Amino acid sequence: MNDMLAIEALRITIAGRNVLRDVSLAVPQGHVHGLVGESGAGKTMVARAVLGILPAAARVISGHIAFDGAEITHMSERERRALLGRGIALIPQDPMTALNPAFRIEHQIVDVLRHHFGLGRTAARAQALELMHQVHIRAPERVLRQFPHELSGGMRQRVLIAIAFACRPKLIIADEPSTALDVTVQRQVLRLIKHLQARENTAVLFVTHNLGVVAKICDTMTVLHAGRVVEEGSVEACFERPAHAYTRALMAATPRYDQPAAALAPVPEALSRDLADEATAWDARHGAA
């Protein structure tokens with residue numbers, strides 16, 4: 001099966017400190033791959049490296065990122081602009097800050113369609129209206145005329161999903177797209193992403209700290225800690241037979257709907273110290289730049 005995204009031994013530093021330590025993962029076409037870890041593990045840094053929007057202080061020291069078989073690690077800004085939207089799209093974490101508060105929803109969707117497909121305004125608006133229907137937005141004509149602050153968080157996230165799928169990209173990076181939503185809306189948004197992904201046969205890199213989300217919509221997963229891959233494999237295998245102690249600790253710290261009275265166990269301090277020592281030892285062997 002063709003890997004739509006392939007990351008190999010990616011190492012990134014910021015201010016001379018390693019933030020990604022030889023990270024490798026692959027997302028086959030039509031699959032949803034979960035990238036899991038606690039805050040600070042390096043999940044969003046991986047996503048930003050793929051998108052080409054790393055912080056100014058970040059440096060790619062080694063490794064490769066390939067999209068649909070083509071190297072994209074060091075693309076020019078012009079090449080990257082042509083790729084983003086039609087090849088790779090993003091569903092960001094915060095729907096309020098991701099949308100421009102100064103423009104109506106119609107303007108923000110229509111501009112994407114006109115830029116990538118060269119459509120006239122009338123044709124682009126008709127397509128924007130169809131996208132509103134596809135993400136199950138009620139009264140789409142009215143929503144197109146509204147500003148972001150006039151919509152609920154769930155509605156704004158649906159708009160961002162519509163924008164991400166507008167150009168039918170081959171790969172979508174979903175950066176914790178349901179974190180800011182309540183549980184009921186979160187379930188609706190996840191179901192929508194999975195439906196559109198399956199319909200379009202899109203590859204998705206789903207960045208999250210929520211193992212419940214991974215179990216629900218992902219096919220494969222990678223577990224990160226301190227910028228290192230500690231476990232990877234199919235979701236079924238990782239959940240039924242987790243090989244690494246950190247993966248088992250994350251699962252023990254996750255609330256269970258089928259076991260509401262079960263006590264949650266924090267990640268053991270001894271394990272945290274061992275993992276930190278391993279990262280320090282890695283840095284000692286490889287140095288920083």
# chains A, B, ... in the order shown; residues from 1 in each chain; ligands from 1
$ select_by_dssp --residues "stretch 163-244 of chain A" --states "alpha helix (DSSP H)" --output "PyMOL selection string"
chain A and resi 163-166+183-200+211-217+235-240
$ closest_atom_pairs --of "stretch 149-213 of chain A" --to "stretch 230-244 of chain A" --cutoff "12 Å" --atoms "only C-alpha atoms" --output "Markdown table"
| residue | atom | partner | partner_atom | distance |
| --- | --- | --- | --- | --- |
| A:Leu211 | CA | A:Phe239 | CA | 9.3 |
| A:Gly212 | CA | A:Phe239 | CA | 10.5 |
| A:Val213 | CA | A:Val235 | CA | 11.0 |
$ write_last_selection --atoms "all heavy atoms" --output "tab-separated table (two decimals), in the first residue's frame"
chain	number	residue	atom	x	y	z
A	211	LEU	N	-6.53	8.96	24.11
A	211	LEU	CA	-6.50	7.58	23.61
A	211	LEU	C	-7.89	7.08	23.23
A	211	LEU	O	-8.02	6.22	22.37
A	211	LEU	CB	-5.90	6.66	24.67
A	211	LEU	CG	-4.38	6.77	24.85
A	211	LEU	CD1	-3.93	5.96	26.05
A	211	LEU	CD2	-3.66	6.30	23.60
A	212	GLY	N	-8.94	7.63	23.85
A	212	GLY	CA	-10.29	7.24	23.47
A	212	GLY	C	-10.60	7.63	22.04
A	212	GLY	O	-11.25	6.88	21.31
A	213	VAL	N	-10.13	8.80	21.62
A	213	VAL	CA	-10.31	9.24	20.24
A	213	VAL	C	-9.56	8.32	19.29
A	213	VAL	O	-10.07	7.92	18.24
A	213	VAL	CB	-9.84	10.70	20.07
A	213	VAL	CG1	-9.78	11.09	18.60
A	213	VAL	CG2	-10.77	11.64	20.83
$ residues_around --residues "stretch 81-98 of chain A" --least-positions-apart "6" --cutoff "8 Å" --atoms "only C-alpha atoms" --output "MDAnalysis selection string"
chainID A and resid 51 112 116 148:149 153 156:157 160:161 164:165 167:180
$ write_last_selection --atoms "N, CA and C atoms" --output "PDB file, in the first residue's frame"
ATOM      1  N   LEU A  51       3.908  20.345   7.608  1.00  0.00           N
ATOM      2  CA  LEU A  51       3.296  21.517   6.977  1.00  0.00           C
ATOM      3  C   LEU A  51       4.319  22.568   6.558  1.00  0.00           C
ATOM      4  N   VAL A 112     -10.475  30.224  -0.699  1.00  0.00           N
ATOM      5  CA  VAL A 112      -9.705  28.985  -0.842  1.00  0.00           C
ATOM      6  C   VAL A 112     -10.000  28.333  -2.191  1.00  0.00           C
ATOM      7  N   HIS A 116      -7.230  27.953  -5.419  1.00  0.00           N
ATOM      8  CA  HIS A 116      -6.713  26.659  -5.863  1.00  0.00           C
ATOM      9  C   HIS A 116      -7.309  26.180  -7.180  1.00  0.00           C
ATOM     10  N   PRO A 148     -17.296  34.591  12.215  1.00  0.00           N
ATOM     11  CA  PRO A 148     -16.972  33.477  13.122  1.00  0.00           C
ATOM     12  C   PRO A 148     -17.531  33.624  14.530  1.00  0.00           C
ATOM     13  N   HIS A 149     -17.528  34.852  15.082  1.00  0.00           N
ATOM     14  CA  HIS A 149     -17.981  35.007  16.464  1.00  0.00           C
ATOM     15  C   HIS A 149     -19.480  34.763  16.631  1.00  0.00           C
ATOM     16  N   GLY A 153     -18.793  26.891  18.889  1.00  0.00           N
ATOM     17  CA  GLY A 153     -17.528  26.217  18.665  1.00  0.00           C
ATOM     18  C   GLY A 153     -17.656  25.038  17.715  1.00  0.00           C
ATOM     19  N   ARG A 156     -18.078  26.359  14.148  1.00  0.00           N
ATOM     20  CA  ARG A 156     -16.803  26.849  13.609  1.00  0.00           C
ATOM     21  C   ARG A 156     -15.900  25.685  13.213  1.00  0.00           C
ATOM     22  N   GLN A 157     -15.893  24.625  14.023  1.00  0.00           N
ATOM     23  CA  GLN A 157     -15.055  23.484  13.684  1.00  0.00           C
ATOM     24  C   GLN A 157     -15.546  22.799  12.414  1.00  0.00           C
ATOM     25  N   LEU A 160     -14.182  24.707   9.536  1.00  0.00           N
ATOM     26  CA  LEU A 160     -12.780  24.382   9.292  1.00  0.00           C
ATOM     27  C   LEU A 160     -12.615  23.019   8.625  1.00  0.00           C
ATOM     28  N   ILE A 161     -13.459  22.071   8.986  1.00  0.00           N
ATOM     29  CA  ILE A 161     -13.432  20.766   8.319  1.00  0.00           C
ATOM     30  C   ILE A 161     -13.815  20.921   6.851  1.00  0.00           C
ATOM     31  N   ALA A 164     -10.871  22.329   5.041  1.00  0.00           N
ATOM     32  CA  ALA A 164      -9.816  21.332   4.878  1.00  0.00           C
ATOM     33  C   ALA A 164     -10.122  20.363   3.745  1.00  0.00           C
ATOM     34  N   PHE A 165     -11.386  19.933   3.629  1.00  0.00           N
ATOM     35  CA  PHE A 165     -11.765  18.974   2.588  1.00  0.00           C
ATOM     36  C   PHE A 165     -12.137  19.643   1.265  1.00  0.00           C
ATOM     37  N   CYS A 167     -10.585  21.187  -1.121  1.00  0.00           N
ATOM     38  CA  CYS A 167      -9.775  20.923  -2.313  1.00  0.00           C
ATOM     39  C   CYS A 167      -9.451  19.446  -2.486  1.00  0.00           C
ATOM     40  N   ARG A 168     -10.142  18.591  -1.719  1.00  0.00           N
ATOM     41  CA  ARG A 168      -9.965  17.140  -1.790  1.00  0.00           C
ATOM     42  C   ARG A 168      -8.493  16.742  -1.686  1.00  0.00           C
ATOM     43  N   PRO A 169      -7.823  17.146  -0.600  1.00  0.00           N
ATOM     44  CA  PRO A 169      -6.395  16.839  -0.444  1.00  0.00           C
ATOM     45  C   PRO A 169      -6.164  15.349  -0.234  1.00  0.00           C
ATOM     46  N   LYS A 170      -4.927  14.928  -0.475  1.00  0.00           N
ATOM     47  CA  LYS A 170      -4.569  13.531  -0.269  1.00  0.00           C
ATOM     48  C   LYS A 170      -4.248  13.238   1.193  1.00  0.00           C
ATOM     49  N   LEU A 171      -3.836  14.277   1.924  1.00  0.00           N
ATOM     50  CA  LEU A 171      -3.462  14.107   3.326  1.00  0.00           C
ATOM     51  C   LEU A 171      -4.038  15.258   4.141  1.00  0.00           C
ATOM     52  N   ILE A 172      -4.659  14.934   5.268  1.00  0.00           N
ATOM     53  CA  ILE A 172      -5.134  15.948   6.202  1.00  0.00           C
ATOM     54  C   ILE A 172      -4.449  15.736   7.539  1.00  0.00           C
ATOM     55  N   ILE A 173      -3.928  16.817   8.091  1.00  0.00           N
ATOM     56  CA  ILE A 173      -3.376  16.789   9.432  1.00  0.00           C
ATOM     57  C   ILE A 173      -4.407  17.405  10.362  1.00  0.00           C
ATOM     58  N   ALA A 174      -4.901  16.612  11.282  1.00  0.00           N
ATOM     59  CA  ALA A 174      -5.898  17.068  12.247  1.00  0.00           C
ATOM     60  C   ALA A 174      -5.199  17.241  13.594  1.00  0.00           C
ATOM     61  N   ASP A 175      -4.981  18.497  13.985  1.00  0.00           N
ATOM     62  CA  ASP A 175      -4.219  18.794  15.200  1.00  0.00           C
ATOM     63  C   ASP A 175      -5.170  18.995  16.375  1.00  0.00           C
ATOM     64  N   GLU A 176      -5.494  17.922  17.072  1.00  0.00           N
ATOM     65  CA  GLU A 176      -6.413  17.940  18.210  1.00  0.00           C
ATOM     66  C   GLU A 176      -7.677  18.752  17.896  1.00  0.00           C
ATOM     67  N   PRO A 177      -8.409  18.388  16.832  1.00  0.00           N
ATOM     68  CA  PRO A 177      -9.522  19.220  16.372  1.00  0.00           C
ATOM     69  C   PRO A 177     -10.753  19.202  17.261  1.00  0.00           C
ATOM     70  N   SER A 178     -10.781  18.307  18.246  1.00  0.00           N
ATOM     71  CA  SER A 178     -11.968  18.230  19.102  1.00  0.00           C
ATOM     72  C   SER A 178     -11.694  18.625  20.546  1.00  0.00           C
ATOM     73  N   THR A 179     -10.480  19.074  20.842  1.00  0.00           N
ATOM     74  CA  THR A 179     -10.090  19.345  22.224  1.00  0.00           C
ATOM     75  C   THR A 179     -10.927  20.448  22.863  1.00  0.00           C
ATOM     76  N   ALA A 180     -11.247  21.493  22.092  1.00  0.00           N
ATOM     77  CA  ALA A 180     -11.936  22.650  22.661  1.00  0.00           C
ATOM     78  C   ALA A 180     -13.457  22.480  22.706  1.00  0.00           C
TER      79      ALA A 180
END
$ closest_residue --among "A:Leu205, A:Val19, A:Met155, A:Ile105" --to "A:Asp3" --atoms "only C-alpha atoms"
A:Leu205
$ closest_residue --among "A:Gly34, A:Met132, A:Val23, A:Leu271" --to "A:Asn210" --atoms "only C-alpha atoms"
A:Gly34
$ atom_distance --atom1 "atom CA of A:Ala203" --atom2 "atom CA of A:Pro255"
28.1 Å
$ closest_residue --among "A:Cys218, A:Leu5, A:Leu196, A:Ala270" --to "A:Ala70" --atoms "only C-alpha atoms"
A:Leu5
$ atom_distance --atom1 "atom CA of A:Ala252" --atom2 "atom CA of A:Pro266"
7.4 Å
$ closest_residue --among "A:Val36, A:Arg187, A:Thr73, A:Ala276" --to "A:Lys216" --atoms "only C-alpha atoms"
A:Arg187
$ closest_residue --among "A:Val46, A:Ala6, A:Ala56, A:Leu131" --to "A:Glu71" --atoms "only C-alpha atoms"
A:Ala6
$ residues_around --residues "A:Arg17" --least-positions-apart "5" --cutoff "12 Å" --atoms "only C-alpha atoms" --output "PyMOL selection string"
chain A and resi 11-12+57-61+226-227+279-280+282-284+286-289
$ write_last_selection --atoms "N, CA, C and O atoms" --output "CSV table (one decimal), in the first residue's frame"
chain,number,residue,atom,x,y,z
A,11,ARG,N,14.9,14.5,13.0
A,11,ARG,CA,15.5,15.1,14.2
A,11,ARG,C,15.4,16.7,14.1
A,11,ARG,O,15.9,17.2,13.1
A,12,ILE,N,14.9,17.3,15.1
A,12,ILE,CA,14.7,18.8,15.1
A,12,ILE,C,15.2,19.3,16.4
A,12,ILE,O,14.9,18.7,17.5
A,57,ALA,N,13.2,29.5,15.2
A,57,ALA,CA,14.4,28.9,15.8
A,57,ALA,C,14.6,27.5,15.6
A,57,ALA,O,15.6,26.9,16.0
A,58,ALA,N,13.6,26.8,15.0
A,58,ALA,CA,13.8,25.3,14.8
A,58,ALA,C,14.7,25.0,13.6
A,58,ALA,O,14.6,25.7,12.6
A,59,ARG,N,15.4,23.9,13.8
A,59,ARG,CA,16.3,23.5,12.7
A,59,ARG,C,16.1,22.0,12.5
A,59,ARG,O,16.1,21.2,13.5
A,60,VAL,N,15.9,21.6,11.2
A,60,VAL,CA,15.9,20.2,10.9
A,60,VAL,C,17.3,19.7,10.7
A,60,VAL,O,18.0,20.1,9.8
A,61,ILE,N,17.8,18.9,11.7
A,61,ILE,CA,19.2,18.4,11.7
A,61,ILE,C,19.4,17.2,10.8
A,61,ILE,O,20.4,17.2,10.0
A,226,ALA,N,8.8,12.7,24.9
A,226,ALA,CA,10.0,13.5,24.8
A,226,ALA,C,10.7,13.5,23.5
A,226,ALA,O,11.9,13.4,23.3
A,227,GLY,N,9.8,13.6,22.4
A,227,GLY,CA,10.3,13.6,21.1
A,227,GLY,C,10.8,12.3,20.5
A,227,GLY,O,11.5,12.2,19.5
A,279,ALA,N,16.1,9.8,27.4
A,279,ALA,CA,16.2,11.0,26.5
A,279,ALA,C,17.5,11.7,26.7
A,279,ALA,O,18.2,12.1,25.7
A,280,THR,N,17.9,11.8,27.9
A,280,THR,CA,19.2,12.4,28.2
A,280,THR,C,20.4,11.6,27.6
A,280,THR,O,21.3,12.1,27.1
A,282,TRP,N,20.2,9.6,25.1
A,282,TRP,CA,20.1,9.8,23.6
A,282,TRP,C,20.8,11.1,23.2
A,282,TRP,O,21.6,11.1,22.3
A,283,ASP,N,20.6,12.2,23.9
A,283,ASP,CA,21.2,13.5,23.6
A,283,ASP,C,22.7,13.3,23.8
A,283,ASP,O,23.5,13.9,23.0
A,284,ALA,N,23.2,12.6,24.8
A,284,ALA,CA,24.6,12.5,25.1
A,284,ALA,C,25.3,11.7,23.9
A,284,ALA,O,26.4,12.0,23.5
A,286,HIS,N,24.1,11.6,20.7
A,286,HIS,CA,23.9,12.3,19.4
A,286,HIS,C,24.3,13.8,19.5
A,286,HIS,O,24.4,14.4,18.4
A,287,GLY,N,24.3,14.4,20.7
A,287,GLY,CA,24.6,15.8,20.8
A,287,GLY,C,23.4,16.6,20.3
A,287,GLY,O,22.4,16.2,20.0
A,288,ALA,N,23.7,17.9,20.3
A,288,ALA,CA,22.7,18.9,19.7
A,288,ALA,C,23.5,19.9,18.9
A,288,ALA,O,24.7,19.8,18.8
A,289,ALA,N,22.7,20.7,18.2
A,289,ALA,CA,23.4,21.6,17.2
A,289,ALA,C,23.0,23.0,17.5
A,289,ALA,O,22.0,23.3,18.2
$ residues_around --residues "A:Ala123" --least-positions-apart "4" --cutoff "10 Å" --atoms "only C-alpha atoms" --output "list in words"
Val110, Leu113, Arg114, Gly118, Leu119, Gln127, Ala128 and Leu129 of chain A
$ atom_distance --atom1 "atom CA of A:Val223" --atom2 "atom CA of A:Gln186"
22.0 Å
$ select_by_dssp --residues "stretch 77-215 of chain A" --states "strand (DSSP E or B)" --output "tab-separated table (two decimals) with N, CA and C atoms, in the first residue's frame"
chain	number	residue	atom	x	y	z
A	84	LEU	N	0.18	23.06	-0.11
A	84	LEU	CA	-0.79	23.16	0.99
A	84	LEU	C	-2.17	23.52	0.45
A	88	ILE	N	-1.89	18.81	0.92
A	88	ILE	CA	-1.96	18.62	2.36
A	88	ILE	C	-2.81	19.74	2.96
A	89	ALA	N	-3.75	19.38	3.82
A	89	ALA	CA	-4.61	20.38	4.46
A	89	ALA	C	-4.56	20.17	5.97
A	90	LEU	N	-4.98	21.21	6.69
A	90	LEU	CA	-4.92	21.19	8.14
A	90	LEU	C	-6.29	21.46	8.75
A	91	ILE	N	-6.66	20.67	9.74
A	91	ILE	CA	-7.78	21.00	10.63
A	91	ILE	C	-7.16	21.41	11.95
A	171	LEU	N	-3.84	14.28	1.92
A	171	LEU	CA	-3.46	14.11	3.33
A	171	LEU	C	-4.04	15.26	4.14
A	172	ILE	N	-4.66	14.93	5.27
A	172	ILE	CA	-5.13	15.95	6.20
A	172	ILE	C	-4.45	15.74	7.54
A	173	ILE	N	-3.93	16.82	8.09
A	173	ILE	CA	-3.38	16.79	9.43
A	173	ILE	C	-4.41	17.40	10.36
A	174	ALA	N	-4.90	16.61	11.28
A	174	ALA	CA	-5.90	17.07	12.25
A	174	ALA	C	-5.20	17.24	13.59
A	175	ASP	N	-4.98	18.50	13.98
A	175	ASP	CA	-4.22	18.79	15.20
A	175	ASP	C	-5.17	18.99	16.37
A	203	ALA	N	-5.82	10.18	3.50
A	203	ALA	CA	-4.94	9.83	4.62
A	203	ALA	C	-5.04	10.93	5.67
A	204	VAL	N	-5.07	10.54	6.94
A	204	VAL	CA	-5.18	11.53	8.02
A	204	VAL	C	-4.13	11.23	9.08
A	205	LEU	N	-3.37	12.25	9.45
A	205	LEU	CA	-2.50	12.19	10.62
A	205	LEU	C	-3.24	12.90	11.74
A	206	PHE	N	-3.71	12.15	12.72
A	206	PHE	CA	-4.56	12.68	13.78
A	206	PHE	C	-3.74	12.87	15.04
A	207	VAL	N	-3.44	14.12	15.36
A	207	VAL	CA	-2.63	14.46	16.53
A	207	VAL	C	-3.55	14.61	17.74
A	208	THR	N	-3.28	13.87	18.82
A	208	THR	CA	-4.16	13.93	19.98
A	208	THR	C	-3.46	13.40	21.21
$ residues_around --residues "A:Arg199" --least-positions-apart "4" --cutoff "12 Å" --atoms "only C-alpha atoms" --output "list in words"
Gly30, His31, Gln134, Phe165, Arg168, Leu192, Ile193, Lys194, His195 and Ala203 of chain A
$ write_last_selection --atoms "N, CA and C atoms" --output "compact mmCIF listing (two decimals), in the first residue's frame"
# COMPACT_ATOMS: atom_id res chain seq x y z
N GLY A 30 -5.62 6.43 2.61
CA GLY A 30 -6.90 5.97 3.10
C GLY A 30 -6.92 5.54 4.55
N HIS A 31 -5.81 5.73 5.27
CA HIS A 31 -5.73 5.34 6.67
C HIS A 31 -5.73 6.56 7.58
N GLN A 134 -22.38 19.27 3.14
CA GLN A 134 -21.63 18.05 3.39
C GLN A 134 -21.20 17.92 4.85
N PHE A 165 -11.39 19.93 3.63
CA PHE A 165 -11.76 18.97 2.59
C PHE A 165 -12.14 19.64 1.27
N ARG A 168 -10.14 18.59 -1.72
CA ARG A 168 -9.96 17.14 -1.79
C ARG A 168 -8.49 16.74 -1.69
N LEU A 192 -17.96 13.03 11.81
CA LEU A 192 -17.94 13.74 10.53
C LEU A 192 -16.59 13.58 9.83
N ILE A 193 -15.50 13.77 10.58
CA ILE A 193 -14.17 13.61 9.99
C ILE A 193 -13.99 12.21 9.43
N LYS A 194 -14.39 11.20 10.20
CA LYS A 194 -14.24 9.82 9.75
C LYS A 194 -15.08 9.55 8.51
N HIS A 195 -16.29 10.09 8.46
CA HIS A 195 -17.16 9.90 7.30
C HIS A 195 -16.54 10.50 6.04
N ALA A 203 -5.82 10.18 3.50
CA ALA A 203 -4.94 9.83 4.62
C ALA A 203 -5.04 10.93 5.67
$ closest_residue --among "A:His225, A:Glu106, A:His115, A:Ala198" --to "A:Glu141" --atoms "only C-alpha atoms"
A:Glu106
